[in-house]
Number of protein chains: 2
Amino acid sequence: MFNSEAVPHASSSDQVLRARAERVIPGGLWGHLNARLLPEGYPQFFERAESCRLIDADGRQFIDMMCSWGPIVLGHHHPAVDAAAAAQAARGDCMNGPAPVLVELAELVVATVPHADWCQFGKNGTDATTNCVTIARAGTGRRKVLVARGAYHGAVPWCSPSVAGVTAEDRAHLVFYSYNDIASLHAAAEMAGTDLAAVMASAFRHDMGKPQALPTPEFAQAIRALCDQTGAALILDDVRAGFRIDLGGSWEPLGVRPDLSAWSKAIANGHPLAAVTGRERFREAATRVFATGSFWCGAVPMAAAVATLRELHRLDGPALMRALGRRLRDGLEERAARHGLRIEQSGPPQMPTVLFADDPGWKRGYAFCAEALRHGAYLHPKHNMFLSCAHTEADIDHVLEAADAGFRHVAR
Amino acid sequence: MFNSEAVPHASSSDQVLRARAERVIPGGLWGHLNARLLPEGYPQFFERAESCRLIDADGRQFIDMMCSWGPIVLGHHHPAVDAAAAAQAARGDCMNGPAPVLVELAELVVATVPHADWCQFGKNGTDATTNCVTIARAGTGRRKVLVARGAYHGAVPWCSPSVAGVTAEDRAHLVFYSYNDIASLHAAAEMAGTDLAAVMASAFRHDMGKPQALPTPEFAQAIRALCDQTGAALILDDVRAGFRIDLGGSWEPLGVRPDLSAWSKAIANGHPLAAVTGRERFREAATRVFATGSFWCGAVPMAAAVATLRELHRLDGPALMRALGRRLRDGLEERAARHGLRIEQSGPPQMPTVLFADDPGWKRGYAFCAEALRHGAYLHPKHNMFLSCAHTEADIDHVLEAADAGFRHVAR
């Protein structure tokens, strides 16, 4: 089944495409999908995708544990999603206004997400996080936003992990706290004083290259209490985790509901869509903020989202992915131990991060992943991975076999 | 052919959808496609689109002169674009990296746009304008950006036409000039002093509700000279006009080439895509700026863009749309005069704005458009409209008949 043993060489299709790309795209590719950020041997270009499998430009096939960094939650070419998208495309996509499917989707999102009295749609996760901040400021008439140190909330100057081209003013009203640290939260709130517009929190701490951390119930409750006391908005950044932890929002299991949430990635199984959901209190502010884009009423991604959310409901997608993630986690733990290796697995099982103990510069992680890739599993050495509902137990077992080869390689 | 005479009433599909939308979406819809901004009678929801025709949720059919506010440049369901998109969708769209079509598209864009040594892709026009500013700041190490008073460059706090939720710091480094006013440009540059990072200019002045103005050659040359003297980047915002005026960029006919350009709308005939093109000088800065999104490597919009640009080349799309726009302009002029009405037509013929003389609050414009709509033409009373290559002379003549009814109505 797997012909992934072939090591890329200068005349491989991937290398030829990279050389061509290098000439016409700065650095060969922008952003998080640049394969230079991955161990050697990882492909940059992909020819095909099916279910949880990717085929690269050289015909190598992998079981994919990144799911396009989140969007693919039901697997590529899911029949119900593809059918819904094709049917809408045959009618119309980008028109002078939305198609009726907008209303269907908005009603479904509001019915699915307990805190949501309303929603709006966009294209990028960054559209959603930025819009949440702007709505919170418009609604409170205040400016300061508390964000966790090191958290990723998007790729524009106010929140980008790069400071290139960023001015001090872009971040003038951010105040930083440490995730899961209530004292730091309160200290940050004190700095913001009466100008506190919002507290932003990721669904869990998923900073790259570090162990992930689930929010403690006390921490989530402390943010809620702080916002209740001050009138600030609790903004949950559910862009990355949304619809994988709990369909109602990632903090539903904690019993803590945000005032505004940002969603994207998994919402339409790979079709470009983002959403903001909010409570009644911020509805009027949301009408005053002008956030829009040429493709934000595109009907095809909305039709795909309706099909995706229905299928996630039908399958209980979060439970399914959690069970698959546990199988992966248990299997990795067992195999690593067998090779005498210590690994640190963190985060919710359906979004696992696997790091090696005492591994500065992620050297072992890189060697492990490169070897697993040669055995047909596409893993990530330092970013959280993503399960999908398309993975089967047999797929996970295949990944575990590839990981076993990776552990053997590292142990040598 | 047209059954658009039926006036919407409370039990129309559109009104029922609006009432449902009102409950779950703030204000019924976000942004520029909210039908509340249009005369009464305009539909909010669309059921189908074909070529240059739209069918609303009540089955009324219109010849569309808005082209989804720009994206639809070849007409809905263009066979070559649809085939390219479907073929790519069958292989893969949102994967762990781009498909080979990215390289094909990037090479085509660089070959099409004379100033472009490289390009990057995103989803929103706002992604592209924001990224241009950030790259200019990263490349120059300076902060100030000159923008024309009243110009639209996107819908995030640094440039949004609404100030709700915007802080003073979001716009701290903008300095304003007046379009086509060289003295005001130089005064703004003086205020920016040695901190001048960029001068941003729209392809032409297309502020809503006002007559459009093409850039004078002297004005465009003055910006180029200013940037050459100071080392600032000339950023052309070609999001709205791109690929309708000149395939190489809207200032090519003026002989003035920008350092960075922002593109979106027409680039993929309605598929969500945006682009930044730039000169060699800013390539390194572009690698340092972190701009990315979950769907920015989506392959289907890129395949659609390749097909769209090839078709625009084959047809000489700008010339075709210009000729159709002239037919519309001449016909409107003649008919308005026949009814004793004075109208002001402005902008390039392929992106016309039609305003009535002495029409405070656009009252005549609203009445004119509402009546033309009842006769099957979807016009806009105060925003520029868009021709497409799918319009035929017969379509334009139909629009002129509908406009004639509109003029008759206003003249009464």
# chains A, B, ... in the order shown; residues from 1 in each chain; ligands from 1
>>> residues_around(residues="A:Glu218", least_positions_apart="5", cutoff="10 Å", atoms="only C-alpha atoms", output="list in words")
Asn180, Asp181, Ile182, Ile223, Arg224 and Leu254 of chain A
>>> residues_around(residues="stretch 41-55 of chain B", least_positions_apart="4", cutoff="8 Å", atoms="only C-alpha atoms", output="mmCIF file with all heavy atoms, in the first residue's frame")
data_model
loop_
_atom_site.group_PDB
_atom_site.id
_atom_site.type_symbol
_atom_site.label_atom_id
_atom_site.label_comp_id
_atom_site.auth_asym_id
_atom_site.auth_seq_id
_atom_site.Cartn_x
_atom_site.Cartn_y
_atom_site.Cartn_z
ATOM 1 N N ARG A 91 -25.906 25.814 -8.269
ATOM 2 C CA ARG A 91 -26.874 26.923 -8.212
ATOM 3 C C ARG A 91 -26.144 28.270 -8.256
ATOM 4 O O ARG A 91 -26.424 29.104 -9.110
ATOM 5 C CB ARG A 91 -27.720 26.805 -6.930
ATOM 6 C CG ARG A 91 -28.669 25.596 -6.964
ATOM 7 C CD ARG A 91 -29.751 25.681 -5.897
ATOM 8 N NE ARG A 91 -29.224 25.530 -4.557
ATOM 9 C CZ ARG A 91 -29.017 24.364 -3.942
ATOM 10 N NH1 ARG A 91 -29.306 23.236 -4.558
ATOM 11 N NH2 ARG A 91 -28.528 24.313 -2.718
ATOM 12 N N GLY A 92 -25.220 28.479 -7.318
ATOM 13 C CA GLY A 92 -24.497 29.754 -7.291
ATOM 14 C C GLY A 92 -23.646 29.819 -6.039
ATOM 15 O O GLY A 92 -23.980 29.220 -5.013
ATOM 16 N N MET A 95 -22.444 35.626 -5.096
ATOM 17 C CA MET A 95 -23.486 36.401 -5.788
ATOM 18 C C MET A 95 -23.585 37.799 -5.156
ATOM 19 O O MET A 95 -22.695 38.197 -4.422
ATOM 20 C CB MET A 95 -24.793 35.612 -5.723
ATOM 21 C CG MET A 95 -24.626 34.204 -6.358
ATOM 22 S SD MET A 95 -26.127 33.208 -6.505
ATOM 23 C CE MET A 95 -26.253 32.534 -4.830
ATOM 24 N N ASN A 96 -24.648 38.532 -5.461
ATOM 25 C CA ASN A 96 -24.772 39.886 -4.907
ATOM 26 C C ASN A 96 -25.278 39.888 -3.464
ATOM 27 O O ASN A 96 -25.517 40.956 -2.889
ATOM 28 C CB ASN A 96 -25.721 40.729 -5.763
ATOM 29 C CG ASN A 96 -25.087 41.138 -7.078
ATOM 30 O OD1 ASN A 96 -23.954 40.762 -7.354
ATOM 31 N ND2 ASN A 96 -25.811 41.890 -7.890
ATOM 32 N N GLY A 97 -25.456 38.728 -2.936
ATOM 33 C CA GLY A 97 -25.887 38.551 -1.556
ATOM 34 C C GLY A 97 -25.804 37.070 -1.270
ATOM 35 O O GLY A 97 -25.435 36.279 -2.149
ATOM 36 N N PRO A 98 -26.134 36.678 -0.059
ATOM 37 C CA PRO A 98 -26.026 35.259 0.283
ATOM 38 C C PRO A 98 -27.114 34.422 -0.377
ATOM 39 O O PRO A 98 -28.113 34.947 -0.867
ATOM 40 C CB PRO A 98 -26.208 35.266 1.798
ATOM 41 C CG PRO A 98 -26.989 36.508 2.094
ATOM 42 C CD PRO A 98 -26.585 37.510 1.062
ATOM 43 N N ALA A 99 -26.930 33.120 -0.353
ATOM 44 C CA ALA A 99 -27.969 32.164 -0.724
ATOM 45 C C ALA A 99 -28.754 31.812 0.545
ATOM 46 O O ALA A 99 -28.296 32.070 1.666
ATOM 47 C CB ALA A 99 -27.337 30.919 -1.327
ATOM 48 N N PRO A 100 -29.918 31.204 0.384
ATOM 49 C CA PRO A 100 -30.700 30.815 1.573
ATOM 50 C C PRO A 100 -29.915 29.945 2.557
ATOM 51 O O PRO A 100 -30.204 29.971 3.756
ATOM 52 C CB PRO A 100 -31.883 30.049 0.965
ATOM 53 C CG PRO A 100 -32.076 30.671 -0.383
ATOM 54 C CD PRO A 100 -30.683 30.988 -0.865
ATOM 55 N N VAL B 7 -43.546 42.538 -6.867
ATOM 56 C CA VAL B 7 -42.948 43.330 -5.789
ATOM 57 C C VAL B 7 -42.899 42.457 -4.528
ATOM 58 O O VAL B 7 -43.860 41.771 -4.205
ATOM 59 C CB VAL B 7 -43.778 44.606 -5.539
ATOM 60 C CG1 VAL B 7 -43.235 45.370 -4.341
ATOM 61 C CG2 VAL B 7 -43.767 45.478 -6.788
ATOM 62 N N PRO B 8 -41.768 42.471 -3.819
ATOM 63 C CA PRO B 8 -41.680 41.655 -2.611
ATOM 64 C C PRO B 8 -42.747 42.055 -1.598
ATOM 65 O O PRO B 8 -43.061 43.231 -1.439
ATOM 66 C CB PRO B 8 -40.287 41.982 -2.057
ATOM 67 C CG PRO B 8 -39.529 42.550 -3.201
ATOM 68 C CD PRO B 8 -40.546 43.210 -4.075
ATOM 69 N N ASP B 14 -37.899 36.025 0.134
ATOM 70 C CA ASP B 14 -36.843 36.926 0.593
ATOM 71 C C ASP B 14 -37.184 37.509 1.958
ATOM 72 O O ASP B 14 -36.333 37.562 2.852
ATOM 73 C CB ASP B 14 -36.643 38.052 -0.427
ATOM 74 C CG ASP B 14 -35.312 38.779 -0.230
ATOM 75 O OD1 ASP B 14 -34.260 38.189 -0.561
ATOM 76 O OD2 ASP B 14 -35.329 39.905 0.278
ATOM 77 N N LEU B 17 -36.883 34.847 4.657
ATOM 78 C CA LEU B 17 -35.471 34.598 4.968
ATOM 79 C C LEU B 17 -34.870 35.750 5.759
ATOM 80 O O LEU B 17 -34.100 35.539 6.691
ATOM 81 C CB LEU B 17 -34.681 34.381 3.669
ATOM 82 C CG LEU B 17 -34.915 33.043 2.972
ATOM 83 C CD1 LEU B 17 -34.422 33.094 1.520
ATOM 84 C CD2 LEU B 17 -34.211 31.909 3.727
ATOM 85 N N ARG B 18 -35.228 36.973 5.391
ATOM 86 C CA ARG B 18 -34.708 38.132 6.135
ATOM 87 C C ARG B 18 -35.147 38.087 7.592
ATOM 88 O O ARG B 18 -34.358 38.410 8.491
ATOM 89 C CB ARG B 18 -35.211 39.434 5.513
ATOM 90 C CG ARG B 18 -34.516 39.818 4.241
ATOM 91 C CD ARG B 18 -34.861 41.261 3.927
ATOM 92 N NE ARG B 18 -34.672 41.555 2.518
ATOM 93 C CZ ARG B 18 -34.351 42.771 2.058
ATOM 94 N NH1 ARG B 18 -34.211 43.793 2.886
ATOM 95 N NH2 ARG B 18 -34.203 42.973 0.765
ATOM 96 N N LEU B 33 -22.844 43.667 1.530
ATOM 97 C CA LEU B 33 -23.914 43.008 0.781
ATOM 98 C C LEU B 33 -25.260 43.056 1.510
ATOM 99 O O LEU B 33 -26.222 42.422 1.085
ATOM 100 C CB LEU B 33 -23.519 41.561 0.459
ATOM 101 C CG LEU B 33 -22.279 41.402 -0.438
ATOM 102 C CD1 LEU B 33 -22.035 39.943 -0.768
ATOM 103 C CD2 LEU B 33 -22.416 42.203 -1.731
ATOM 104 N N ASN B 34 -25.321 43.824 2.582
ATOM 105 C CA ASN B 34 -26.580 43.990 3.299
ATOM 106 C C ASN B 34 -27.546 44.801 2.432
ATOM 107 O O ASN B 34 -27.286 45.961 2.105
ATOM 108 C CB ASN B 34 -26.323 44.692 4.638
ATOM 109 C CG ASN B 34 -27.551 44.653 5.541
ATOM 110 O OD1 ASN B 34 -28.688 44.659 5.067
ATOM 111 N ND2 ASN B 34 -27.319 44.605 6.842
ATOM 112 N N ALA B 35 -28.669 44.202 2.079
ATOM 113 C CA ALA B 35 -29.620 44.848 1.153
ATOM 114 C C ALA B 35 -30.300 46.065 1.758
ATOM 115 O O ALA B 35 -30.933 46.841 1.042
ATOM 116 C CB ALA B 35 -30.666 43.839 0.679
ATOM 117 N N GLY B 59 -37.546 33.904 -7.304
ATOM 118 C CA GLY B 59 -37.588 33.524 -8.709
ATOM 119 C C GLY B 59 -37.510 34.690 -9.681
ATOM 120 O O GLY B 59 -37.654 34.499 -10.893
ATOM 121 N N ARG B 60 -37.287 35.900 -9.177
ATOM 122 C CA ARG B 60 -37.122 37.042 -10.084
ATOM 123 C C ARG B 60 -35.746 36.984 -10.728
ATOM 124 O O ARG B 60 -34.751 36.671 -10.070
ATOM 125 C CB ARG B 60 -37.264 38.359 -9.306
ATOM 126 C CG ARG B 60 -38.630 38.547 -8.667
ATOM 127 C CD ARG B 60 -38.783 39.942 -8.092
ATOM 128 N NE ARG B 60 -37.807 40.210 -7.051
ATOM 129 C CZ ARG B 60 -37.593 41.420 -6.532
ATOM 130 N NH1 ARG B 60 -38.262 42.475 -7.000
ATOM 131 N NH2 ARG B 60 -36.704 41.597 -5.570
ATOM 132 N N GLN B 61 -35.688 37.323 -12.007
ATOM 133 C CA GLN B 61 -34.415 37.247 -12.721
ATOM 134 C C GLN B 61 -33.936 38.654 -13.089
ATOM 135 O O GLN B 61 -34.737 39.493 -13.511
ATOM 136 C CB GLN B 61 -34.573 36.406 -13.991
ATOM 137 C CG GLN B 61 -33.247 36.149 -14.669
ATOM 138 C CD GLN B 61 -33.362 35.253 -15.897
ATOM 139 O OE1 GLN B 61 -32.737 35.510 -16.910
ATOM 140 N NE2 GLN B 61 -34.166 34.209 -15.821
ATOM 141 N N PHE B 62 -32.639 38.874 -12.935
ATOM 142 C CA PHE B 62 -32.054 40.186 -13.238
ATOM 143 C C PHE B 62 -30.803 40.037 -14.096
ATOM 144 O O PHE B 62 -30.034 39.092 -13.907
ATOM 145 C CB PHE B 62 -31.638 40.906 -11.949
ATOM 146 C CG PHE B 62 -32.693 40.940 -10.900
ATOM 147 C CD1 PHE B 62 -32.651 40.069 -9.828
ATOM 148 C CD2 PHE B 62 -33.767 41.824 -11.003
ATOM 149 C CE1 PHE B 62 -33.642 40.086 -8.854
ATOM 150 C CE2 PHE B 62 -34.771 41.844 -10.034
ATOM 151 C CZ PHE B 62 -34.701 40.972 -8.958
ATOM 152 N N ILE B 63 -30.590 40.992 -14.976
ATOM 153 C CA ILE B 63 -29.261 41.151 -15.559
ATOM 154 C C ILE B 63 -28.455 41.934 -14.549
ATOM 155 O O ILE B 63 -28.863 43.003 -14.090
ATOM 156 C CB ILE B 63 -29.306 41.896 -16.906
ATOM 157 C CG1 ILE B 63 -30.083 41.044 -17.922
ATOM 158 C CG2 ILE B 63 -27.876 42.146 -17.404
ATOM 159 C CD1 ILE B 63 -30.174 41.679 -19.285
ATOM 160 N N ASP B 64 -27.326 41.367 -14.170
ATOM 161 C CA ASP B 64 -26.576 41.858 -13.017
ATOM 162 C C ASP B 64 -25.471 42.797 -13.455
ATOM 163 O O ASP B 64 -24.575 42.419 -14.209
ATOM 164 C CB ASP B 64 -25.976 40.644 -12.292
ATOM 165 C CG ASP B 64 -25.102 41.055 -11.130
ATOM 166 O OD1 ASP B 64 -25.320 42.149 -10.585
ATOM 167 O OD2 ASP B 64 -24.212 40.262 -10.771
ATOM 168 N N MET B 65 -25.519 44.023 -12.959
ATOM 169 C CA MET B 65 -24.451 44.983 -13.256
ATOM 170 C C MET B 65 -23.519 45.207 -12.051
ATOM 171 O O MET B 65 -22.732 46.155 -12.053
ATOM 172 C CB MET B 65 -25.054 46.319 -13.724
ATOM 173 C CG MET B 65 -25.876 46.205 -15.013
ATOM 174 S SD MET B 65 -25.029 45.361 -16.378
ATOM 175 C CE MET B 65 -23.760 46.576 -16.746
ATOM 176 N N CYS B 67 -21.958 42.209 -10.549
ATOM 177 C CA CYS B 67 -20.979 41.112 -10.640
ATOM 178 C C CYS B 67 -20.438 40.736 -9.256
ATOM 179 O O CYS B 67 -19.230 40.578 -9.077
ATOM 180 C CB CYS B 67 -19.853 41.482 -11.592
ATOM 181 S SG CYS B 67 -20.418 41.615 -13.290
ATOM 182 N N LEU B 74 -15.966 36.816 -15.576
ATOM 183 C CA LEU B 74 -16.241 36.023 -16.782
ATOM 184 C C LEU B 74 -17.680 35.528 -16.815
ATOM 185 O O LEU B 74 -18.081 34.836 -17.756
ATOM 186 C CB LEU B 74 -15.313 34.807 -16.839
ATOM 187 C CG LEU B 74 -13.823 35.092 -16.997
ATOM 188 C CD1 LEU B 74 -13.029 33.789 -16.858
ATOM 189 C CD2 LEU B 74 -13.534 35.759 -18.338
ATOM 190 N N GLY B 75 -18.442 35.856 -15.789
ATOM 191 C CA GLY B 75 -19.809 35.342 -15.672
ATOM 192 C C GLY B 75 -19.847 34.115 -14.785
ATOM 193 O O GLY B 75 -18.874 33.367 -14.698
ATOM 194 N N HIS B 76 -20.994 33.936 -14.134
ATOM 195 C CA HIS B 76 -21.180 32.754 -13.278
ATOM 196 C C HIS B 76 -21.158 31.490 -14.133
ATOM 197 O O HIS B 76 -21.649 31.474 -15.251
ATOM 198 C CB HIS B 76 -22.531 32.845 -12.561
ATOM 199 C CG HIS B 76 -22.609 33.971 -11.576
ATOM 200 N ND1 HIS B 76 -22.163 33.863 -10.284
ATOM 201 C CD2 HIS B 76 -23.054 35.237 -11.712
ATOM 202 C CE1 HIS B 76 -22.354 35.019 -9.647
ATOM 203 N NE2 HIS B 76 -22.890 35.877 -10.498
ATOM 204 N N HIS B 77 -20.593 30.450 -13.556
ATOM 205 C CA HIS B 77 -20.541 29.142 -14.226
ATOM 206 C C HIS B 77 -19.843 29.200 -15.577
ATOM 207 O O HIS B 77 -20.288 28.590 -16.549
ATOM 208 C CB HIS B 77 -21.951 28.553 -14.366
ATOM 209 C CG HIS B 77 -22.564 28.221 -13.031
ATOM 210 N ND1 HIS B 77 -23.795 28.655 -12.648
ATOM 211 C CD2 HIS B 77 -22.084 27.525 -11.980
ATOM 212 C CE1 HIS B 77 -24.054 28.232 -11.411
ATOM 213 N NE2 HIS B 77 -23.021 27.550 -10.982
ATOM 214 N N HIS B 78 -18.750 29.941 -15.617
ATOM 215 C CA HIS B 78 -17.956 29.925 -16.840
ATOM 216 C C HIS B 78 -17.398 28.514 -17.028
ATOM 217 O O HIS B 78 -16.775 27.961 -16.119
ATOM 218 C CB HIS B 78 -16.813 30.937 -16.729
ATOM 219 C CG HIS B 78 -16.036 31.056 -17.997
ATOM 220 N ND1 HIS B 78 -15.018 30.182 -18.326
ATOM 221 C CD2 HIS B 78 -16.154 31.905 -19.029
ATOM 222 C CE1 HIS B 78 -14.532 30.518 -19.504
ATOM 223 N NE2 HIS B 78 -15.209 31.560 -19.954
ATOM 224 N N ALA B 370 -34.609 51.407 -8.322
ATOM 225 C CA ALA B 370 -35.734 50.551 -7.914
ATOM 226 C C ALA B 370 -36.624 50.247 -9.112
ATOM 227 O O ALA B 370 -37.117 49.124 -9.275
ATOM 228 C CB ALA B 370 -36.529 51.223 -6.795
ATOM 229 N N LEU B 373 -34.815 47.918 -11.511
ATOM 230 C CA LEU B 373 -34.864 46.561 -10.957
ATOM 231 C C LEU B 373 -36.170 45.877 -11.324
ATOM 232 O O LEU B 373 -36.187 44.701 -11.713
ATOM 233 C CB LEU B 373 -34.702 46.612 -9.439
ATOM 234 C CG LEU B 373 -34.540 45.247 -8.756
ATOM 235 C CD1 LEU B 373 -33.082 44.797 -8.803
ATOM 236 C CD2 LEU B 373 -35.027 45.280 -7.310
ATOM 237 N N SER B 388 -18.854 42.508 -16.930
ATOM 238 C CA SER B 388 -18.127 41.241 -17.041
ATOM 239 C C SER B 388 -18.009 40.873 -18.512
ATOM 240 O O SER B 388 -18.689 41.447 -19.367
ATOM 241 C CB SER B 388 -18.849 40.125 -16.289
ATOM 242 O OG SER B 388 -19.902 39.596 -17.084
ATOM 243 N N ALA B 390 -19.106 38.275 -19.656
ATOM 244 C CA ALA B 390 -20.287 37.476 -20.004
ATOM 245 C C ALA B 390 -21.431 38.330 -20.516
ATOM 246 O O ALA B 390 -22.370 37.803 -21.110
ATOM 247 C CB ALA B 390 -20.745 36.669 -18.786
ATOM 248 N N HIS B 391 -21.360 39.630 -20.256
ATOM 249 C CA HIS B 391 -22.403 40.506 -20.792
ATOM 250 C C HIS B 391 -22.279 40.562 -22.313
ATOM 251 O O HIS B 391 -21.180 40.602 -22.852
ATOM 252 C CB HIS B 391 -22.276 41.917 -20.210
ATOM 253 C CG HIS B 391 -22.661 42.017 -18.759
ATOM 254 N ND1 HIS B 391 -21.748 41.839 -17.743
ATOM 255 C CD2 HIS B 391 -23.856 42.265 -18.157
ATOM 256 C CE1 HIS B 391 -22.377 41.976 -16.569
ATOM 257 N NE2 HIS B 391 -23.646 42.238 -16.797
#
>>> closest_residue(among="A:Gly317, A:Gly278, A:Pro114, A:Pro381", to="chain B", atoms="only C-alpha atoms")
A:Gly278
>>> select_by_dssp(residues="stretch 128-370 of chain B", states="strand (DSSP E or B)", output="VMD selection string")
chain B and resid 144 to 148 174 to 177 196 to 202 205 213 233 to 237 260 to 263 274 to 278 343 to 346 353 to 356
>>> closest_residue(among="B:Thr287, B:Glu22, B:Val239, B:Arg171", to="chain A", atoms="only C-alpha atoms")
B:Thr287
